[in-house]
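Shown here: entry-v1.txt, compact mmCIF, C-alpha atoms.
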```txt
# COMPACT_ATOMS: atom_id res chain seq x y z
CA MET A 655 43.77 3.35 -0.30
CA GLN A 656 41.42 3.28 -3.30
CA ASP A 657 41.17 1.01 -6.27
CA ALA A 658 40.77 2.27 -9.83
CA ASN A 659 37.00 2.78 -9.56
CA GLY A 660 37.13 4.76 -6.33
CA LYS A 661 36.27 2.00 -3.90
CA SER A 662 38.20 1.62 -0.67
CA ALA A 663 40.50 -1.32 -1.07
CA GLY A 664 40.17 -4.12 1.44
CA PHE A 665 36.65 -3.16 2.63
CA ILE A 666 33.57 -5.25 1.99
CA ASP A 667 30.25 -3.49 2.53
CA MET A 668 27.59 -5.61 4.16
CA GLY A 669 23.91 -4.72 4.40
CA VAL A 670 22.84 -3.66 7.88
CA LEU A 671 19.08 -3.66 7.37
CA ALA A 672 18.27 -6.98 9.01
CA ASP A 673 14.51 -6.88 9.54
CA PHE A 674 11.62 -4.69 8.37
CA GLN A 675 8.09 -4.66 9.67
CA VAL A 676 5.11 -2.58 8.64
CA THR A 677 1.61 -1.98 9.90
CA GLU A 678 -0.74 0.08 7.77
CA PRO A 679 -4.25 0.09 9.25
CA ALA A 680 -5.41 2.46 6.50
CA PRO A 681 -3.54 3.14 3.23
CA PHE A 682 -6.00 5.68 1.85
CA VAL A 683 -7.52 8.97 2.94
CA ASN A 684 -11.21 8.62 3.83
CA SER A 685 -10.77 4.85 4.25
CA ILE A 686 -11.67 4.69 7.95
CA THR A 687 -15.41 4.99 8.39
CA PRO A 688 -16.48 6.43 10.64
CA PRO A 689 -13.28 8.41 11.19
CA VAL A 690 -11.39 7.86 14.44
CA ALA A 691 -11.89 10.75 16.83
CA ILE A 692 -8.63 11.95 18.43
CA PRO A 693 -9.49 12.48 22.11
CA VAL A 694 -8.50 15.30 24.44
CA ALA A 695 -6.37 14.90 27.55
CA PRO A 696 -5.96 12.71 29.45
CA ASN A 697 -6.90 10.18 26.78
CA PHE A 698 -5.02 9.06 23.68
CA ALA A 699 -6.10 7.19 20.57
CA ASN A 700 -3.85 4.29 19.62
CA LEU A 701 -3.45 4.50 15.85
CA ALA A 702 -1.03 1.66 15.08
CA SER A 703 1.17 -0.94 16.78
CA ILE A 704 4.06 -2.94 15.41
CA THR A 705 6.28 -5.69 16.81
CA ILE A 706 9.83 -6.43 15.73
CA THR A 707 12.33 -9.00 16.96
CA VAL A 708 15.62 -7.60 18.19
CA ASP A 709 18.53 -10.05 18.17
CA ASP A 710 21.51 -8.01 19.30
CA GLN A 711 21.94 -5.47 22.04
CA THR A 712 23.69 -3.17 19.57
CA ASP A 713 20.77 -3.15 17.15
CA ARG A 714 18.97 0.10 16.36
CA VAL A 715 15.30 0.27 15.36
CA TRP A 716 14.45 2.97 12.82
CA LEU A 717 10.83 4.03 13.23
CA ASN A 718 8.84 6.01 10.70
CA GLY A 719 5.19 6.95 11.12
CA THR A 720 2.93 8.86 8.75
CA VAL A 721 -0.61 9.99 9.55
CA GLY A 722 -3.21 11.90 7.58
CA PHE A 723 -5.80 13.63 9.75
CA PHE A 724 -8.34 16.45 9.55
CA VAL A 725 -9.78 19.18 11.74
CA THR A 726 -13.36 20.34 11.42
CA PHE A 727 -13.61 24.00 12.41
CA ALA A 728 -16.98 25.53 13.32
CA ALA A 729 -15.28 28.80 14.20
CA VAL A 730 -11.95 30.50 13.68
CA GLY A 731 -9.33 28.88 15.88
CA VAL A 732 -6.37 26.58 16.31
CA ALA A 733 -6.21 22.89 17.16
CA THR A 734 -3.04 21.25 18.45
CA VAL A 735 -2.40 17.55 18.03
CA THR A 736 0.30 15.59 19.87
CA PHE A 737 1.67 12.37 18.39
CA GLN A 738 3.75 9.92 20.42
CA LEU A 739 5.77 6.77 19.80
CA LEU A 740 5.93 4.30 22.67
CA ARG A 741 8.16 1.29 23.26
CA GLY A 742 5.93 -0.87 25.40
CA GLY A 743 4.54 1.64 27.88
CA THR A 744 7.39 4.17 27.60
CA VAL A 745 7.11 7.30 25.48
CA ILE A 746 10.27 7.50 23.38
CA TYR A 747 9.33 10.23 20.92
CA GLN A 748 6.78 13.03 20.67
CA THR A 749 5.86 15.72 18.16
CA THR A 750 3.13 18.33 18.14
CA LYS A 751 1.37 19.96 15.23
CA SER A 752 -0.85 23.03 15.22
CA VAL A 753 -3.60 23.43 12.65
CA SER A 754 -5.20 26.81 12.03
CA SER A 755 -8.59 27.41 10.54
CA PRO A 756 -8.89 29.60 7.49
CA THR A 757 -9.13 33.29 8.26
CA ALA A 758 -12.88 33.24 7.76
CA VAL A 759 -15.04 30.30 8.68
CA VAL A 760 -18.50 30.65 7.21
CA ALA A 761 -19.60 27.08 7.59
CA PRO A 762 -17.88 24.06 9.15
CA VAL A 763 -14.57 23.97 7.34
CA THR A 764 -12.45 20.85 7.10
CA VAL A 765 -8.67 21.25 7.00
CA PHE A 766 -6.63 18.18 6.05
CA GLU A 767 -3.18 17.82 7.55
CA THR A 768 -0.32 15.34 7.48
CA VAL A 769 2.38 14.49 9.98
CA HIS A 770 5.50 12.38 9.78
CA LEU A 771 7.40 11.00 12.76
CA GLU A 772 10.93 9.59 12.61
CA HIS A 773 12.94 8.18 15.51
CA ILE A 774 15.87 5.85 16.03
CA ASP A 775 15.52 3.66 19.10
CA THR A 776 19.10 2.95 20.14
CA THR A 777 18.12 0.94 23.22
CA PRO A 778 15.36 -1.27 21.90
CA ALA A 779 15.88 -4.30 24.09
CA THR A 780 17.68 -5.68 27.10
CA LEU A 781 18.79 -9.21 27.89
CA PRO A 782 17.70 -11.89 27.41
CA LEU A 783 17.70 -11.86 23.64
CA PRO A 784 16.09 -12.26 21.22
CA ALA A 785 13.30 -9.97 22.35
CA SER A 786 10.01 -9.02 20.74
CA VAL A 787 9.61 -5.27 21.02
CA THR A 788 6.27 -3.55 20.44
CA TYR A 789 6.00 0.05 19.34
CA THR A 790 2.77 2.07 19.39
CA LEU A 791 1.79 5.28 17.60
CA ARG A 792 -0.87 7.32 19.42
CA ALA A 793 -2.42 10.80 19.31
CA GLN A 794 -4.13 13.34 21.54
CA ALA A 795 -5.82 16.62 20.54
CA SER A 796 -6.42 19.94 22.27
CA ALA A 797 -10.06 20.02 21.19
CA ALA A 798 -12.61 17.42 20.16
CA ILE A 799 -12.58 18.45 16.52
CA VAL A 800 -9.69 16.32 15.26
CA PHE A 801 -10.18 13.04 13.39
CA THR A 802 -8.31 10.62 11.21
CA SER A 803 -9.80 8.70 8.31
CA GLY A 804 -6.39 7.53 7.11
CA PRO A 805 -3.83 6.98 5.91
CA ILE A 806 -1.90 5.56 8.86
CA THR A 807 1.48 3.89 8.28
CA LEU A 808 4.05 2.72 10.84
CA THR A 809 7.30 0.99 9.88
CA ALA A 810 10.15 -0.43 11.94
CA ALA A 811 13.53 -1.32 10.48
CA GLU A 812 16.10 -3.29 12.48
CA LEU A 813 19.58 -1.98 11.77
CA GLU A 814 22.71 -3.84 12.78
CA GLN A 815 25.53 -1.82 14.23
CA ASN A 816 27.71 -0.13 11.66
CA PRO A 817 30.88 -1.94 10.65
CA ALA A 818 34.05 -0.80 12.33
CA MET B 27 17.80 -18.55 23.53
CA THR B 28 19.92 -16.71 26.07
CA GLY B 29 22.33 -14.11 24.89
CA LYS B 30 26.06 -14.30 24.72
CA GLY B 31 28.21 -12.06 26.86
CA ASN B 32 28.14 -9.18 24.40
CA GLY B 33 24.38 -9.24 24.05
CA ALA B 34 24.22 -11.00 20.70
CA SER B 35 21.85 -13.92 20.34
CA SER B 36 23.64 -17.19 20.03
CA GLY B 37 22.68 -19.75 17.45
CA PHE B 38 21.39 -17.26 14.85
CA ALA B 39 22.96 -17.21 11.42
CA SER B 40 24.73 -13.96 10.64
CA GLU B 41 22.14 -11.45 9.57
CA THR B 42 22.51 -10.14 6.05
CA GLY B 43 21.09 -6.97 4.55
CA ILE B 44 17.59 -7.27 3.13
CA LEU B 45 17.59 -3.95 1.27
CA THR B 46 18.36 -5.15 -2.24
CA GLU B 47 17.50 -2.25 -4.53
CA PHE B 48 16.97 1.50 -4.19
CA ARG B 49 15.52 3.90 -6.76
CA ALA B 50 14.83 7.63 -6.49
CA GLY B 51 13.24 10.34 -8.60
CA GLN B 52 13.69 13.95 -7.52
CA SER B 53 13.49 17.40 -9.06
CA PHE B 54 13.06 21.09 -8.35
CA ALA B 55 10.55 21.43 -11.18
CA ASN B 56 7.67 23.79 -10.36
CA LEU B 57 4.65 21.77 -11.41
CA ILE B 58 1.35 23.64 -11.54
CA LEU B 59 -1.39 21.87 -9.59
CA SER B 60 -4.95 21.78 -10.90
CA THR B 61 -8.04 19.63 -10.75
CA THR B 62 -6.40 17.51 -13.46
CA PRO B 63 -3.99 14.94 -11.95
CA VAL B 64 -0.31 15.71 -12.42
CA ILE B 65 2.47 13.12 -12.23
CA LEU B 66 5.21 14.55 -10.02
CA GLU B 67 7.76 11.73 -10.11
CA SER B 68 8.15 8.14 -11.28
CA VAL B 69 10.44 5.28 -10.32
CA ARG B 70 10.75 1.78 -11.67
CA VAL B 71 11.81 -1.19 -9.53
CA ARG B 72 12.83 -4.63 -10.71
CA VAL B 73 11.12 -7.12 -8.39
CA HIS B 74 12.68 -10.58 -8.23
CA ASP B 75 10.85 -12.45 -5.47
CA SER B 76 7.20 -12.86 -4.59
CA GLY B 77 7.97 -12.06 -0.95
CA ASP B 78 9.56 -8.68 -1.70
CA ARG B 79 8.11 -5.50 -0.26
CA ILE B 80 8.60 -2.06 -1.77
CA TRP B 81 9.02 0.75 0.78
CA LEU B 82 7.86 3.95 -0.88
CA ASN B 83 8.57 7.41 0.50
CA GLY B 84 7.83 10.83 -0.95
CA ILE B 85 8.18 14.44 0.06
CA VAL B 86 6.51 17.26 -1.84
CA ASN B 87 7.23 20.90 -1.08
CA LEU B 88 4.54 23.17 -2.41
CA ALA B 89 3.37 26.76 -2.46
CA ALA B 90 -0.14 28.19 -2.62
CA VAL B 91 -1.08 31.80 -3.30
CA ALA B 92 -4.42 33.45 -2.73
CA GLY B 93 -6.57 35.58 -4.92
CA GLY B 94 -8.57 38.43 -3.48
CA ALA B 95 -10.20 36.39 -0.74
CA PRO B 96 -8.94 34.06 2.00
CA GLY B 97 -9.45 30.41 1.34
CA THR B 98 -8.05 26.94 1.14
CA ILE B 99 -6.69 24.55 -1.45
CA THR B 100 -6.79 20.84 -0.60
CA VAL B 101 -4.46 18.63 -2.62
CA LEU B 102 -4.84 14.88 -2.98
CA PHE B 103 -1.52 13.02 -3.26
CA GLU B 104 -1.54 9.47 -4.56
CA ILE B 105 0.93 6.67 -5.18
CA LEU B 106 0.17 4.41 -8.10
CA ARG B 107 1.52 1.00 -9.00
CA GLY B 108 1.00 0.95 -12.72
CA ASP B 109 -2.54 2.29 -13.05
CA THR B 110 -3.68 1.23 -9.57
CA VAL B 111 -3.87 3.73 -6.73
CA ILE B 112 -2.28 2.03 -3.71
CA TYR B 113 -1.97 4.97 -1.30
CA SER B 114 -3.44 8.43 -0.82
CA ILE B 115 -3.15 11.38 1.55
CA GLN B 116 -4.57 14.90 1.58
CA GLN B 117 -3.10 18.24 2.60
CA THR B 118 -4.89 21.58 2.89
CA ALA B 119 -3.18 24.92 2.38
CA SER B 120 -4.91 27.82 4.12
CA PHE B 121 -4.12 31.41 3.20
CA PRO B 122 -5.38 34.93 3.85
CA ALA B 123 -6.52 37.28 1.11
CA LEU B 124 -3.64 38.15 -1.21
CA GLY B 125 -1.39 35.94 0.95
CA GLY B 126 0.41 32.67 0.44
CA ALA B 127 1.55 29.53 2.17
CA PHE B 128 4.54 27.22 1.92
CA LEU B 129 4.12 23.69 3.16
CA ASN B 130 5.32 20.17 2.66
CA VAL B 131 3.77 16.76 2.65
CA GLN B 132 5.39 13.41 3.37
CA LEU B 133 4.04 10.11 2.11
CA GLN B 134 4.99 6.62 3.31
CA HIS B 135 3.65 3.31 2.07
CA VAL B 136 4.81 -0.29 1.88
CA ASP B 137 3.59 -2.21 -1.14
CA SER B 138 3.36 -5.81 0.06
CA THR B 139 2.03 -7.05 -3.29
CA PRO B 140 4.31 -5.46 -5.88
CA LEU B 141 3.65 -8.25 -8.36
CA ALA B 142 -0.15 -7.92 -8.21
CA ASP B 143 -0.35 -6.41 -11.70
CA SER B 144 2.56 -8.33 -13.23
CA GLY B 145 2.69 -11.54 -15.18
CA GLY B 146 5.60 -13.12 -13.35
CA ILE B 147 9.06 -12.56 -11.96
CA PRO B 148 11.28 -10.78 -12.46
CA ALA B 149 8.97 -7.85 -13.10
CA SER B 150 9.66 -4.19 -13.82
CA VAL B 151 7.16 -2.33 -11.65
CA LEU B 152 6.39 1.34 -12.21
CA TYR B 153 5.45 3.55 -9.26
CA GLN B 154 4.22 7.11 -9.71
CA LEU B 155 3.61 10.02 -7.34
CA ARG B 156 0.59 12.06 -8.46
CA ALA B 157 -1.13 15.22 -7.21
CA THR B 158 -4.61 16.62 -7.82
CA ALA B 159 -6.09 19.81 -6.39
CA LEU B 160 -9.64 19.07 -5.27
CA ALA B 161 -10.73 22.66 -5.90
CA ILE B 162 -8.98 25.96 -6.48
CA PRO B 163 -10.70 29.22 -5.48
CA ALA B 164 -10.94 31.94 -8.09
CA GLY B 165 -7.67 33.80 -8.39
CA ALA B 166 -5.71 31.30 -6.31
CA ALA B 167 -2.99 28.96 -7.52
CA ALA B 168 -0.77 26.16 -6.27
CA ALA B 169 2.43 24.58 -7.52
CA THR B 170 5.17 22.30 -6.31
CA VAL B 171 8.55 23.69 -5.32
CA SER B 172 10.32 20.33 -5.31
CA GLN B 173 9.53 16.65 -5.07
CA ILE B 174 11.35 13.45 -4.20
CA PHE B 175 10.06 9.91 -4.52
CA THR B 176 12.01 6.83 -3.41
CA ALA B 177 11.45 3.10 -3.66
CA ALA B 178 13.41 0.52 -1.65
CA GLU B 179 13.08 -3.18 -2.44
CA ILE B 180 13.15 -5.14 0.82
CA GLU B 181 13.40 -8.91 0.96
CA ALA B 182 11.05 -10.90 3.13
CA SER B 183 12.08 -10.81 6.80
```
Could I get this structure in the form of structure tokens?
Amino acid sequence: MQDANGKSAGFIDMGVLADFQVTEPAPFVNSITPPVAIPVAPNFANLASITITVDDQTDRVWLNGTVGFFVTFAAVGVATVTFQLLRGGTVIYQTTKSVSSPTAVVAPVTVFETVHLEHIDTTPATLPLPASVTYTLRAQASAAIVFTSGPITLTAAELEQNPA
Amino acid sequence: MTGKGNGASSGFASETGILTEFRAGQSFANLILSTTPVILESVRVRVHDSGDRIWLNGIVNLAAVAGGAPGTITVLFEILRGDTVIYSIQQTASFPALGGAFLNVQLQHVDSTPLADSGGIPASVLYQLRATALAIPAGAAAATVSQIFTAAEIEAS
């Protein structure tokens, strides 16, 4: 049933975004000096951490991470970078990006890249509540030629369960 | 405080939404990129409280085409609050001779001081998404395919 302006009669929309946290260690490119070297396996570089309070077991946490990084090629090749989101010590999301050098590399060539991660944590916390939950964004490279000088941004949004 | 049987914390006031305003600018305009900065999109947010944060997100789809030689074009993307650059990120497009590349870039920033350049509240704050090619090889070119820029006003937690 709709009213005259197209709204469902009898329903009241309530906002479900209950909490929002951000950590932004570097908001600009070339703002981290010296740049952070992204290590090769088995090591990772922790880029950002964020803590959010979860009040209800039905809450979701919407995570968004954005990283600018660069690869310095001395020769033609490909570098692969793996980015992970962890809840505490548990990996809950992972993405991998490959960066190719230009076809011809005459001198060390720097290629700038960006990556965005998005994940909904539907099981952010267990009893007892409320609970402080820490999320970490980290990276690992296939070769020791990957760096980040910023920007690095990690946000966490607590979303209540949707209305019935 | 221990939880109730259904996992909800007892004693907390009902949580209410803290997203209080949302603005978006988007287009499929093909904007030529050069070493002169180009404004891709703009949004204006009305900020009411000193504790407000503005969550800014942008996605730019772009294309680069080569001239007679392989090369790269690196583009600097910036978010401005008024005339102040508050965020930047760079993306390189690599291409073979006479080839091209399609790519996209995503930006994310939270402006925790949206009133920094304003005289008081409420304030109408202008955010702009801007792009500048750092250098373009001879014969090469770059342009946007589409762009979207959003601003969400979020109350203090």
Polymer residues at most 7 Å from stretch 768-775 of chain A, only C-alpha atoms, same-chain spacing of 5 or more positions, as a list in words: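 So, after excluding close chain neighbours, the residues are Arg714, Val715, Trp716, Leu717, Asn718, Gly719, Thr720, Val721, Gly722, Phe723 and Tyr747 of chain A; Gln117, Val131 and Gln132 of chain B.
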Point (6.8, 9.1, 19.0), cut-off 8 Å, counting all atoms listed in the file, residues as a ChimeraX atom specification: /A:737-740,745-749,771-773,791-792
Go ahead and write the residues just picked, C-alpha atoms, as a PDB file, in the frame of the given file.
```pdb
ATOM      1  CA  PHE A 737       1.670  12.370  18.390  1.00  0.00           C
ATOM      2  CA  GLN A 738       3.750   9.920  20.420  1.00  0.00           C
ATOM      3  CA  LEU A 739       5.770   6.770  19.800  1.00  0.00           C
ATOM      4  CA  LEU A 740       5.930   4.300  22.670  1.00  0.00           C
ATOM      5  CA  VAL A 745       7.110   7.300  25.480  1.00  0.00           C
ATOM      6  CA  ILE A 746      10.270   7.500  23.380  1.00  0.00           C
ATOM      7  CA  TYR A 747       9.330  10.230  20.920  1.00  0.00           C
ATOM      8  CA  GLN A 748       6.780  13.030  20.670  1.00  0.00           C
ATOM      9  CA  THR A 749       5.860  15.720  18.160  1.00  0.00           C
ATOM     10  CA  LEU A 771       7.400  11.000  12.760  1.00  0.00           C
ATOM     11  CA  GLU A 772      10.930   9.590  12.610  1.00  0.00           C
ATOM     12  CA  HIS A 773      12.940   8.180  15.510  1.00  0.00           C
ATOM     13  CA  LEU A 791       1.790   5.280  17.600  1.00  0.00           C
ATOM     14  CA  ARG A 792      -0.870   7.320  19.420  1.00  0.00           C
TER      15      ARG A 792
END
```
Selected residue, from A:Val708, A:Leu671, A:Val730, A:Val690, that lies nearest to A:Ser786 when counting only C-alpha atoms: A:Val708
Of the listed residues B:Val73, B:Ala92, B:Ile58, B:Ile180, that which approaches B:Gly126 most closely, counting only C-alpha atoms: B:Ala92
Which polymer residues have any atom within 9 Å of an atom of stretch 680-688 of chain A, counting only C-alpha atoms, with same-chain residues fewer than 6 positions away left out, as a JSON list (two decimals) with C-alpha atoms, in the frame of the given file?
```
[["chain", "number", "residue", "atom", "x", "y", "z"],
["A", 722, "GLY", "CA", -3.21, 11.90, 7.58],
["A", 723, "PHE", "CA", -5.80, 13.63, 9.75],
["A", 802, "THR", "CA", -8.31, 10.62, 11.21],
["A", 803, "SER", "CA", -9.80, 8.70, 8.31],
["A", 804, "GLY", "CA", -6.39, 7.53, 7.11],
["A", 805, "PRO", "CA", -3.83, 6.98, 5.91],
["A", 806, "ILE", "CA", -1.90, 5.56, 8.86],
["A", 807, "THR", "CA", 1.48, 3.89, 8.28],
["B", 102, "LEU", "CA", -4.84, 14.88, -2.98],
["B", 104, "GLU", "CA", -1.54, 9.47, -4.56],
["B", 112, "ILE", "CA", -2.28, 2.03, -3.71],
["B", 113, "TYR", "CA", -1.97, 4.97, -1.30],
["B", 114, "SER", "CA", -3.44, 8.43, -0.82],
["B", 115, "ILE", "CA", -3.15, 11.38, 1.55],
["B", 116, "GLN", "CA", -4.57, 14.90, 1.58],
["B", 135, "HIS", "CA", 3.65, 3.31, 2.07]]
```
Atomic distance atom CA of A:Thr809 - atom CA of A:Phe674, expressed in Å with one decimal: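 Taking atom CA of A:Thr809 as the start and atom CA of A:Phe674 as the end point, the length is 7.3 Å.
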Nearest-residue call for chain A, choices B:Val64, B:Ile147, B:Val111, B:Ile44, using all atoms listed in the file: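 Using all atoms listed in the file, chain A sits closest to B:Ile44.
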Pick from B:Thr46, B:Ser172, B:Gln52, B:Gln154 nearest to chain A, counting all atoms listed in the file: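 Closest residue, counting all atoms listed in the file: B:Thr46.
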B:Phe54 environment, 9 Å, all atoms listed in the file, sequence neighbours closer than 6 positions dropped, as an MDAnalysis selection string: chainID B and resid 170:174
Answer as a PDB file with C-alpha atoms, keeping the file's coordinate frame, residues within 9 Å of (3.0, 0.2, 26.8) using all atoms listed in the file:
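Final output, saved to result_28.pdb:
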```pdb
ATOM      1  CA  LEU A 740       5.930   4.300  22.670  1.00  0.00           C
ATOM      2  CA  ARG A 741       8.160   1.290  23.260  1.00  0.00           C
ATOM      3  CA  GLY A 742       5.930  -0.870  25.400  1.00  0.00           C
ATOM      4  CA  GLY A 743       4.540   1.640  27.880  1.00  0.00           C
ATOM      5  CA  THR A 744       7.390   4.170  27.600  1.00  0.00           C
ATOM      6  CA  VAL A 745       7.110   7.300  25.480  1.00  0.00           C
ATOM      7  CA  THR A 788       6.270  -3.550  20.440  1.00  0.00           C
ATOM      8  CA  TYR A 789       6.000   0.050  19.340  1.00  0.00           C
ATOM      9  CA  THR A 790       2.770   2.070  19.390  1.00  0.00           C
TER      10      THR A 790
END
```
For A:Ser754: contacts at 9 Å, only C-alpha atoms, fewer than 5 positions along chain excluded, given as a ChimeraX atom specification: /A:725,727,730-734,765 /B:120
Since the input lacks some atoms of stretch 682-702 of chain A, please model N, CA and C atoms and print them as a tab-separated table (two decimals), in the coordinates of the input.
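New file selection.tsv:
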```tsv
chain	number	residue	atom	x	y	z
A	682	PHE	N	-5.38	4.62	2.64
A	682	PHE	CA	-6.00	5.68	1.85
A	682	PHE	C	-6.67	6.71	2.75
A	683	VAL	N	-6.72	7.96	2.26
A	683	VAL	CA	-7.52	8.97	2.94
A	683	VAL	C	-8.99	8.59	2.80
A	684	ASN	N	-9.78	8.93	3.81
A	684	ASN	CA	-11.21	8.62	3.83
A	684	ASN	C	-11.50	7.12	3.79
A	685	SER	N	-10.56	6.30	4.26
A	685	SER	CA	-10.77	4.85	4.25
A	685	SER	C	-11.22	4.32	5.59
A	686	ILE	N	-11.18	5.12	6.64
A	686	ILE	CA	-11.67	4.69	7.95
A	686	ILE	C	-13.04	5.32	8.16
A	687	THR	N	-14.06	4.47	8.21
A	687	THR	CA	-15.41	4.99	8.39
A	687	THR	C	-16.08	4.25	9.54
A	688	PRO	N	-16.63	4.97	10.52
A	688	PRO	CA	-16.48	6.43	10.64
A	688	PRO	C	-15.06	6.79	11.03
A	689	PRO	N	-14.64	8.01	10.83
A	689	PRO	CA	-13.28	8.41	11.19
A	689	PRO	C	-13.04	8.22	12.69
A	690	VAL	N	-11.78	8.00	13.04
A	690	VAL	CA	-11.39	7.86	14.44
A	690	VAL	C	-11.27	9.25	15.06
A	691	ALA	N	-11.97	9.47	16.12
A	691	ALA	CA	-11.89	10.75	16.83
A	691	ALA	C	-10.63	10.76	17.69
A	692	ILE	N	-9.82	11.80	17.58
A	692	ILE	CA	-8.63	11.95	18.43
A	692	ILE	C	-9.09	12.62	19.72
A	693	PRO	N	-8.93	11.95	20.87
A	693	PRO	CA	-9.49	12.48	22.11
A	693	PRO	C	-8.64	13.59	22.71
A	694	VAL	N	-9.23	14.28	23.69
A	694	VAL	CA	-8.50	15.30	24.44
A	694	VAL	C	-7.93	14.67	25.70
A	695	ALA	N	-7.00	15.40	26.33
A	695	ALA	CA	-6.37	14.90	27.55
A	695	ALA	C	-7.42	14.54	28.59
A	696	PRO	N	-7.20	13.48	29.33
A	696	PRO	CA	-5.96	12.71	29.45
A	696	PRO	C	-5.88	11.50	28.51
A	697	ASN	N	-6.84	11.38	27.61
A	697	ASN	CA	-6.90	10.18	26.78
A	697	ASN	C	-6.08	10.31	25.50
A	698	PHE	N	-5.71	9.16	24.95
A	698	PHE	CA	-5.02	9.06	23.68
A	698	PHE	C	-5.76	8.05	22.81
A	699	ALA	N	-5.61	8.20	21.51
A	699	ALA	CA	-6.10	7.19	20.57
A	699	ALA	C	-4.90	6.43	20.02
A	700	ASN	N	-4.89	5.11	20.21
A	700	ASN	CA	-3.85	4.29	19.62
A	700	ASN	C	-4.15	4.11	18.13
A	701	LEU	N	-3.22	4.54	17.29
A	701	LEU	CA	-3.45	4.50	15.85
A	701	LEU	C	-2.84	3.26	15.20
A	702	ALA	N	-1.68	2.82	15.69
A	702	ALA	CA	-1.03	1.66	15.08
A	702	ALA	C	-0.04	1.06	16.06
```
